[in-house]
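Right, one structure below, let's go through it.
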Amino acid sequence: MKELTPILRARRERRLNRQNQRSSRTRSVLLSVGMVFSIVLAVLIVSTALAYADITRNLPSTDILPHLLNPPDGLLLQPTRIYDRSGLNLLYTFSTEESARRYLSINESSPQHIPQELVNAVIAVQDPQFWNHSGYSIMGYDDPDSHPTIAQQLVNDLVLYSEPPSTNRAIRERLLAAQITDRFGRTQIIEWYLNSTHFGKYAFGAPAAAQLYFGKPAEQLTMAESAILAAASQSPALNPLDAPSVALQRGRDVLHLMNEQKLLSNEALDLALAETPQIMPPPQTPPVPAQAFINMALAQIDSQIPRERIERGGLTVITSMDYGLQTQASCTTEVYAARLAGSPEPSLDTCEAARLLPSLPPGVTFPDSSASALILDPKTGQVLAIVGETIQGRETALVGEHRPGSSTDAFVYLTGFTRGLSPASLTWDIPGDGVIQNFDGVYHGPMRLRTALANDYQVPVENLKLQMGMQNVTQIAASFGIDLDQNISLLKLAGAYGVFATQGVYFGQNVNNEFAPVSVLKVQTVDRAILLDWSTSQAKSVVTPGLAYLMTSVLSDEVARWPAFGQSNALDIGRPAGVKAGQTADGLDTWAVGYTPSRAVAVWTNVRGEGVSLSPRFPAVLWNALLQFASKDLPSDGWTIPQGVTPITVCDPSGMLPSRECPNLVTEYFLNGNEPIQVDDLYRQFAVNRETGLLATVFTPPELIETRTFMIVPENAKDWARSAGFEIPPSSYDAIQAPPVNPDANITAPELFANVSDVVKIIGTASGENFSYYRVQVGKGLNPREWIQLGGDVTTPVESGVLVDWDTKGLSGLYAIQLQVVRSDQQIDTAVIQITIGE
C-alpha cells in the first residue's frame, strides 16, 4: 500500500496541471475576445463620432428662420426684385398688388390672423401627426423629394435649399427639423409655414393667397376656401387660377380628409361642401419689358440658386442689362420685323437706333417671319441686351436655338489656319463629285480662302472640311462652346465670335457646366448678403492672338466681300468690324454675327412658308443698326497686328510669292513659319501666234508673235473654265514650215528634225557683206523661253564649215539651234533648226 501512495500523488498532480492549463487557455481566449470587442467598440464609437461630425459640419444655424420670416424685417416678406446693371431700373418683381406679402399670426385673438380652419386643413394635408411627433420622420431617407413633416419642409425650403440631395442631407434635414421644433415650438413652426409656403402664382403665404384667389383677407376665409388653399399648398401648379375645376375638386377632397381625421365634424363638412367659392379673375398684369432677358437671367441663376428660392423672395438680382441699349434694341428689332413682314411700323419718335436701319432689299416682304438679337460686351462676357423673337413688330419672350447654317463656317477655316493654311491659301470653287452648290448658284473658280469665307461660298468650305477632317473641325468649334451637330443660340454664337474680338480670349463664367457669357452680375439678399457674384469675369484662352487676328483680318475685310454683297452693303458700319453672314441651305434661317473690339452683336431672322427663302442681307440690316448704336459712344478702334503675324505681298489668288507674270498683288497675313517660300506658278506667259491662236514656234514669223499671260488651270477645272468662258492657254503649236535658206546665214548640219547625241558639229555659213560676228545659241522646246550661247562671239566668217561644237551629253528632248549673224550696220540675219537629242 505504501508503494501506491506516490503513484496516486503523481496522478493527482498531473490532473491538476491539466485543469490549470485549460483554465489558463480559457482566460486567454476570454481576454482576447474582450480586447477585440473593445477595439471594435472603440472603432464604432470613433466612426460614429466622425460620421456625426461630417454630417453636422457647417450645419446652418436655426437663427436663420426668424431672420427670414419674422416681421417687420423678415427677408422673405420682400419679393425678389430684378434690376438692370445700374441697380436703378426695376425690371421685374415676383409679386403683384394682389399677392403682396404680409405676415399674420395664427392667434385668433388678433384682429388679423390666419383662421384655425386653414391651420387644420394644411396640417391634414401636409402632416397629420404634426402635434405629436418631434418635428421629423424617419421615413423617406431614400427619396430626395420626400419631406414628410412641416418642420422638414421648412428646413428644405428655407435652410438647405442649396444642398444637393443625398443621405447626409436627409439626416441634416431631420436634425434641423428636430432642433427648430424643440427650440421654437410647433405653434411657431405652423405659423411660419403658413406665412411662407407657396400657394401658386407667386402667392407666398396665406395672406397673399387669400387676396389673390378670393379677394379677401385671410381671416375671412371660409372652410371651403381654406381647404382649396391647403390643396394648393401641396401642389402649387394646381391653383384656382391655373386649374380652377381641379382646385375646387381637390378642396372637396381635403374636406373629406379632415372629416376622416376628426378635424371637421359631419355638420361642418356638409356646410363646407354646400359652399360655392367665388374665385377672383386673374389680375391684369402690365407687360413685362425685356421678358426674354429676364428669362435668360433666371435660367442662368438656376445653375447656382434653385428657382424656388429666387421666387420665394428676399433677394435682389442685378443683371448685366444696359437698360438704354435694351430699350433701343427692342424697338429697333420691332421696326425691322414690321418692315420685313410688311406690317405697320411702330413709331420712331423714341427709337433713335431704328433710324440707323439701312433700307431692306426692295420689293419683297415676308408676312410669316420673325427676328431676334443679342448684344454683349466681349471684353467682360456680359450680355447687354436680348430681344426675344419679334413677329410682325411685336416682341415675345422666346429666345430659342436655331439651325446655324453657314454662320459657323468660320470655324472650318480656323481649323485650316491651325494646320498651316492661311487666308491667302488657294482654293478652287468649281463643280466636284458632290451635290454642294453655292447659295448664288454660281461657281467662282480659283480664289483665296479669304474670298471664300468673306463671301459665304459653300463649295470651298465643304472641300476644306474634307481636307481638314470633320473631327478636327468639331474639336475646334467645341473649344468655342459650339456643337456643330446641334442647333445654336444667339448667346453661344455671339460669345464664340466675341473671342475673335478679344484676340483669342473668351470672357464669361461657368454656367450649367459650360463656359458662356452671362446676363447676371450679382444676386444678394435684401440685407446685402452675397449669394452669387459674377461681376468679375473669368477668362479662358481659346486661340492664340495670331490665329484670332487672321480670322478678324478676313471678317473685317470690306473689299473681300464685295463679290457677294456689293460695294455698298449693310455689313459696312463705318468703323472696323468683323462680321459673318450665314444662312441655311433652304434659306429659311439667316444670320449676321459680328463684332468690334468692344461689342458683339448676333441677329437671327426666320421666314416660313412654301417656296420662300431669305438672304443674309436682311439680318445684316438689323445687325448694322444695332452695332452702330451700341458702339456710338465708344472709340472707333481696330485691331493691331500681334506678334507672330507677318504681312507679306503675294500673288492673288495663289497666295504665293509674286512672279513677273502675276497680274494682281495683294497684302496677306501669315503666322510666322507659315509664310510662302515658292514663287507663283499659277500664271505663265506664252508666245502665241496672234493669227492662229496657237503656241508660237521658232519658225513663227516674229511679227505674228505676241506674249500673253494665262492662268494654268488644273485638269479637273478645265471643263468649268471652258463653260465659264475662262481663257486657258493653247496646247497646240503652230504648223512648222522651214523658212527660205539665206546663203549668208544658214545651218546645213545637223538636218532639220535630226536625232543627235554626244558631241554635235554644227555646220553652216556665217558670212556675207558687212559681216561683223556670229553666235550660235540653243534652247529647249519648240519655242524656247531661254537661250544658251555655245562658246563666244566669232568674228571670223565661215563658209560651209564648222560653226561650233556642241556637247549634248546629259541632255534629251526637243531643242532649237539658232545662228545669229550680226553685221556692221546692226542688221541681224537668223537661221533656226529643230533637232531631237536622244538619250
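The way I read the labels, and the way they are meant: chains A, B, ... in the order of the C-alpha cells, residue 1 as the first residue of every chain, and ligand 1 as the first ligand shown, with later ones counted on from there.
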Inset, instruction - Name the residues in contact with Arg250 in chain A at a cut-off of 9 Å, using only C-alpha atoms, excluding same-chain residues fewer than 2 positions from it; report them as a PyMOL selection string. - result: chain A and resi 227-228+231-232+238+245-248+252-255
Inset, instruction - Just list the residues in range 299-527 of chain A DSSP gives strand (DSSP E or B) on the backbone, as JSON, numbers by chain. - result: {"A": [315, 316, 317, 318, 319, 369, 370, 371, 372, 373, 374, 375, 376, 377, 382, 383, 384, 385, 386, 387, 388, 389, 390, 391, 394, 395, 401, 402, 426, 427, 428, 429, 445, 446, 447, 448, 488, 489, 505, 506, 507, 508, 509, 510, 511, 514, 515, 516, 518, 520, 521, 522, 523, 524, 525]}
Could you write out the selected residues, including C-alpha atoms, as a CSV table (one decimal), in the first residue's frame?
chain,number,residue,atom,x,y,z
A,315,LEU,CA,-33.4,88.7,-53.0
A,316,THR,CA,-32.1,91.4,-55.3
A,317,VAL,CA,-30.9,90.4,-58.7
A,318,ILE,CA,-28.6,92.8,-60.6
A,319,THR,CA,-28.5,91.8,-64.2
A,369,SER,CA,-41.3,86.0,-90.4
A,370,SER,CA,-39.5,86.7,-87.1
A,371,ALA,CA,-36.3,88.1,-85.8
A,372,SER,CA,-34.3,88.3,-82.6
A,373,ALA,CA,-31.0,89.8,-81.5
A,374,LEU,CA,-28.4,89.8,-78.7
A,375,ILE,CA,-25.7,92.3,-77.8
A,376,LEU,CA,-22.8,91.6,-75.5
A,377,ASP,CA,-19.5,93.1,-74.3
A,382,GLN,CA,-21.6,90.3,-70.1
A,383,VAL,CA,-24.9,90.4,-72.1
A,384,LEU,CA,-26.1,93.9,-72.5
A,385,ALA,CA,-29.4,93.3,-74.4
A,386,ILE,CA,-31.5,90.5,-75.6
A,387,VAL,CA,-34.5,90.8,-77.9
A,388,GLY,CA,-36.9,87.9,-78.0
A,389,GLU,CA,-38.4,86.6,-81.2
A,390,THR,CA,-40.2,89.5,-82.7
A,391,ILE,CA,-43.1,88.7,-85.0
A,394,ARG,CA,-44.3,92.6,-81.6
A,395,GLU,CA,-41.6,91.1,-79.3
A,401,GLU,CA,-31.9,77.7,-80.6
A,402,HIS,CA,-31.9,77.6,-84.4
A,426,LEU,CA,-5.6,78.9,-102.9
A,427,THR,CA,-8.9,77.1,-103.2
A,428,TRP,CA,-11.0,76.2,-106.3
A,429,ASP,CA,-14.7,76.9,-106.3
A,445,GLY,CA,-13.2,79.4,-109.8
A,446,PRO,CA,-9.8,80.0,-108.1
A,447,MET,CA,-9.7,82.3,-105.1
A,448,ARG,CA,-8.0,82.8,-101.8
A,488,ILE,CA,-27.3,77.1,-81.8
A,489,SER,CA,-28.4,80.1,-79.7
A,505,VAL,CA,-9.7,85.2,-75.0
A,506,TYR,CA,-13.2,84.1,-74.0
A,507,PHE,CA,-14.7,86.1,-71.1
A,508,GLY,CA,-17.6,84.7,-69.2
A,509,GLN,CA,-18.5,82.3,-66.4
A,510,ASN,CA,-19.1,78.6,-65.9
A,511,VAL,CA,-22.8,78.2,-66.2
A,514,GLU,CA,-20.5,75.3,-69.8
A,515,PHE,CA,-18.3,78.4,-70.2
A,516,ALA,CA,-20.6,81.2,-71.6
A,518,VAL,CA,-23.7,85.8,-68.5
A,520,VAL,CA,-26.4,88.3,-64.3
A,521,LEU,CA,-23.9,90.3,-62.3
A,522,LYS,CA,-25.0,89.6,-58.7
A,523,VAL,CA,-27.6,88.0,-56.5
A,524,GLN,CA,-27.9,89.2,-52.9
A,525,THR,CA,-30.4,89.2,-50.1
Legend entry - Best match for closeness to Asn195 in chain A among A:Ile106, A:Ile747, A:Met711, A:Leu348, counting only C-alpha atoms: A:Ile106
I'd like the contact shell of Asp182 in chain A - 12 Å cut-off, only C-alpha atoms, skipping same-chain residues fewer than 2 positions apart - returned as a tab-separated table (two decimals) with N, CA, C and O atoms, in the first residue's frame.
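Done, and the output landed in selection17.tsv:
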chain	number	residue	atom	x	y	z
A	62	THR	N	-30.21	77.58	-36.66
A	62	THR	CA	-31.67	77.74	-36.70
A	62	THR	C	-32.09	79.19	-36.56
A	62	THR	O	-33.26	79.52	-36.75
A	133	HIS	N	-45.40	64.41	-33.14
A	133	HIS	CA	-44.02	63.95	-33.32
A	133	HIS	C	-43.03	65.06	-32.95
A	133	HIS	O	-43.42	66.19	-32.61
A	134	SER	N	-41.77	64.72	-33.05
A	134	SER	CA	-40.70	65.65	-32.64
A	134	SER	C	-40.21	66.53	-33.79
A	134	SER	O	-39.12	67.09	-33.72
A	135	GLY	N	-40.98	66.62	-34.85
A	135	GLY	CA	-40.62	67.51	-35.95
A	135	GLY	C	-40.06	66.80	-37.16
A	135	GLY	O	-39.90	67.42	-38.21
A	136	TYR	N	-39.79	65.50	-37.04
A	136	TYR	CA	-39.21	64.79	-38.17
A	136	TYR	C	-39.78	63.38	-38.23
A	136	TYR	O	-40.39	62.89	-37.27
A	151	ALA	N	-42.09	70.70	-40.39
A	151	ALA	CA	-40.80	71.23	-39.97
A	151	ALA	C	-39.72	70.88	-41.00
A	151	ALA	O	-38.85	71.70	-41.32
A	175	LEU	N	-32.21	66.50	-38.47
A	175	LEU	CA	-31.59	67.11	-37.29
A	175	LEU	C	-32.08	68.53	-37.08
A	175	LEU	O	-32.44	68.93	-35.97
A	176	LEU	N	-32.10	69.31	-38.16
A	176	LEU	CA	-32.55	70.70	-38.05
A	176	LEU	C	-34.04	70.77	-37.74
A	176	LEU	O	-34.48	71.65	-36.98
A	177	ALA	N	-34.83	69.87	-38.32
A	177	ALA	CA	-36.26	69.86	-38.03
A	177	ALA	C	-36.50	69.60	-36.55
A	177	ALA	O	-37.37	70.23	-35.91
A	178	ALA	N	-35.74	68.68	-35.98
A	178	ALA	CA	-35.87	68.40	-34.55
A	178	ALA	C	-35.44	69.60	-33.72
A	178	ALA	O	-36.08	69.94	-32.70
A	179	GLN	N	-34.38	70.27	-34.15
A	179	GLN	CA	-33.88	71.43	-33.40
A	179	GLN	C	-34.88	72.58	-33.40
A	179	GLN	O	-35.14	73.19	-32.36
A	180	ILE	N	-35.46	72.89	-34.57
A	180	ILE	CA	-36.39	74.03	-34.59
A	180	ILE	C	-37.68	73.70	-33.86
A	180	ILE	O	-38.31	74.59	-33.25
A	184	PHE	N	-38.34	76.37	-31.06
A	184	PHE	CA	-39.36	77.38	-31.31
A	184	PHE	C	-40.78	76.89	-31.03
A	184	PHE	O	-41.70	77.71	-30.88
A	185	GLY	N	-41.01	75.59	-30.99
A	185	GLY	CA	-42.32	75.05	-30.71
A	185	GLY	C	-43.15	74.87	-31.97
A	185	GLY	O	-42.93	75.52	-33.00
A	186	ARG	N	-44.15	74.02	-31.86
A	186	ARG	CA	-44.96	73.67	-33.03
A	186	ARG	C	-45.83	74.83	-33.50
A	186	ARG	O	-46.06	74.99	-34.70
A	187	THR	N	-46.32	75.62	-32.57
A	187	THR	CA	-47.19	76.74	-32.96
A	187	THR	C	-46.43	77.72	-33.84
A	187	THR	O	-46.95	78.19	-34.86
A	188	GLN	N	-45.18	78.02	-33.46
A	188	GLN	CA	-44.38	78.94	-34.28
A	188	GLN	C	-44.07	78.33	-35.64
A	188	GLN	O	-44.09	79.03	-36.67
A	189	ILE	N	-43.83	77.03	-35.67
A	189	ILE	CA	-43.50	76.38	-36.94
A	189	ILE	C	-44.67	76.43	-37.90
A	189	ILE	O	-44.50	76.77	-39.09
Inset, instruction - Apply DSSP to the backbone of this structure and, from range 661-785 of chain A, keep only the residues in alpha helix (DSSP H); write these as a PyMOL selection string. - result: chain A and resi 718-723
Legend entry - Distance criterion (only C-alpha atoms): nearest to Gly314 in chain A out of A:Ser196, A:Gln503, A:Asn512, A:Asn132: A:Ser196
Legend entry - Of the listed residues A:Leu241, A:Ser654, A:Gly495, A:Glu308, that which approaches Met280 in chain A most closely, counting only C-alpha atoms: A:Leu241
Legend entry - All residues 12 Å or closer to Glu462 in chain A, only C-alpha atoms, same chain fewer than 6 positions away omitted, as a list in words: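 Surrounding residues, per the criterion: Ser406, Asp409, Val412, Tyr413, Thr427, Trp428, Asp429, Ile430, Pro431, Gly432, Asp433, Gly434, Val435, Ile436, Gln437, Asn438, Ala452, Leu453, Asp456, Met468, Gly469, Met470 and Val473 of chain A.
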Legend entry - Polymer residues at most 10 Å from Ser757 in chain A, only C-alpha atoms, same-chain spacing of 6 or more positions, as a ChimeraX atom specification: /A:806-812,836-839
Save out the residues we just selected, N, CA, C and O atoms, as a PDB file, in the first residue's frame.
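Okay, part29.pdb is ready:
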ATOM      1  N   TRP A 806      28.982  71.210-130.140  1.00  0.00           N
ATOM      2  CA  TRP A 806      28.007  71.239-129.019  1.00  0.00           C
ATOM      3  C   TRP A 806      27.990  69.873-128.351  1.00  0.00           C
ATOM      4  O   TRP A 806      27.652  68.859-128.966  1.00  0.00           O
ATOM      5  N   ASP A 807      28.380  69.863-127.069  1.00  0.00           N
ATOM      6  CA  ASP A 807      28.382  68.615-126.294  1.00  0.00           C
ATOM      7  C   ASP A 807      26.987  68.422-125.696  1.00  0.00           C
ATOM      8  O   ASP A 807      26.570  69.169-124.811  1.00  0.00           O
ATOM      9  N   THR A 808      26.242  67.421-126.158  1.00  0.00           N
ATOM     10  CA  THR A 808      24.854  67.213-125.726  1.00  0.00           C
ATOM     11  C   THR A 808      24.718  66.154-124.646  1.00  0.00           C
ATOM     12  O   THR A 808      23.603  65.718-124.333  1.00  0.00           O
ATOM     13  N   LYS A 809      25.846  65.701-124.084  1.00  0.00           N
ATOM     14  CA  LYS A 809      25.756  64.679-123.061  1.00  0.00           C
ATOM     15  C   LYS A 809      24.923  65.196-121.877  1.00  0.00           C
ATOM     16  O   LYS A 809      25.105  66.318-121.407  1.00  0.00           O
ATOM     17  N   GLY A 810      24.023  64.343-121.419  1.00  0.00           N
ATOM     18  CA  GLY A 810      23.162  64.708-120.285  1.00  0.00           C
ATOM     19  C   GLY A 810      21.894  65.428-120.682  1.00  0.00           C
ATOM     20  O   GLY A 810      21.056  65.738-119.832  1.00  0.00           O
ATOM     21  N   LEU A 811      21.739  65.725-121.978  1.00  0.00           N
ATOM     22  CA  LEU A 811      20.535  66.410-122.442  1.00  0.00           C
ATOM     23  C   LEU A 811      19.653  65.444-123.216  1.00  0.00           C
ATOM     24  O   LEU A 811      20.117  64.436-123.751  1.00  0.00           O
ATOM     25  N   SER A 812      18.374  65.774-123.296  1.00  0.00           N
ATOM     26  CA  SER A 812      17.465  64.955-124.091  1.00  0.00           C
ATOM     27  C   SER A 812      16.248  65.790-124.443  1.00  0.00           C
ATOM     28  O   SER A 812      15.945  66.809-123.818  1.00  0.00           O
ATOM     29  N   THR A 836      16.350  66.677-132.218  1.00  0.00           N
ATOM     30  CA  THR A 836      15.987  65.897-131.032  1.00  0.00           C
ATOM     31  C   THR A 836      17.225  65.215-130.513  1.00  0.00           C
ATOM     32  O   THR A 836      17.945  64.538-131.268  1.00  0.00           O
ATOM     33  N   ILE A 837      17.497  65.391-129.236  1.00  0.00           N
ATOM     34  CA  ILE A 837      18.651  64.761-128.604  1.00  0.00           C
ATOM     35  C   ILE A 837      18.187  63.445-127.998  1.00  0.00           C
ATOM     36  O   ILE A 837      17.269  63.401-127.172  1.00  0.00           O
ATOM     37  N   GLY A 838      18.811  62.366-128.442  1.00  0.00           N
ATOM     38  CA  GLY A 838      18.455  61.054-127.907  1.00  0.00           C
ATOM     39  C   GLY A 838      19.123  60.810-126.578  1.00  0.00           C
ATOM     40  O   GLY A 838      20.142  61.410-126.240  1.00  0.00           O
ATOM     41  N   GLU A 839      18.564  59.868-125.796  1.00  0.00           N
ATOM     42  CA  GLU A 839      19.153  59.549-124.506  1.00  0.00           C
ATOM     43  C   GLU A 839      20.175  58.425-124.646  1.00  0.00           C
ATOM     44  O   GLU A 839      20.033  57.554-125.488  1.00  0.00           O
TER      45      GLU A 839
END
Legend entry - Shell of 9 Å around range 621-627 of chain A, only C-alpha atoms, local chain residues under 3 positions omitted, as a PyMOL selection string: chain A and resi 325+328-329+332-333+336+353-360+373+375+569-573+592-596+599-603+616-618+630-632
Legend entry - Given only C-alpha atoms as the counted atoms, nearest of A:Asn746, A:Ala454, A:Ser303, A:Ser767 to Val559 in chain A: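 Closest to Val559 in chain A of all the choices is A:Ala454.
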Legend entry - Surrounding residues of range 156-163 of chain A excluding itself and chain neighbours under 4 positions, 10 Å, only C-alpha atoms, as a PyMOL selection string: chain A and resi 59-62+64-65+68-69+76+145-147+150-152+168-170+172-174+176-177+193+196-197+304-306+308-309+312
Inset, instruction - May I ask which of the residues A:Ala717, A:Ala299, A:Thr181, A:Gln326 is the closest one to Trp131 in chain A, counting only C-alpha atoms? - result: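 Under the stated criterion, the closest residue is A:Thr181.
Nearest residue to Ala208 in chain A, choosing from A:Tyr83, A:Tyr103, A:Tyr141, A:Phe480 and counting only C-alpha atoms: A:Tyr103.
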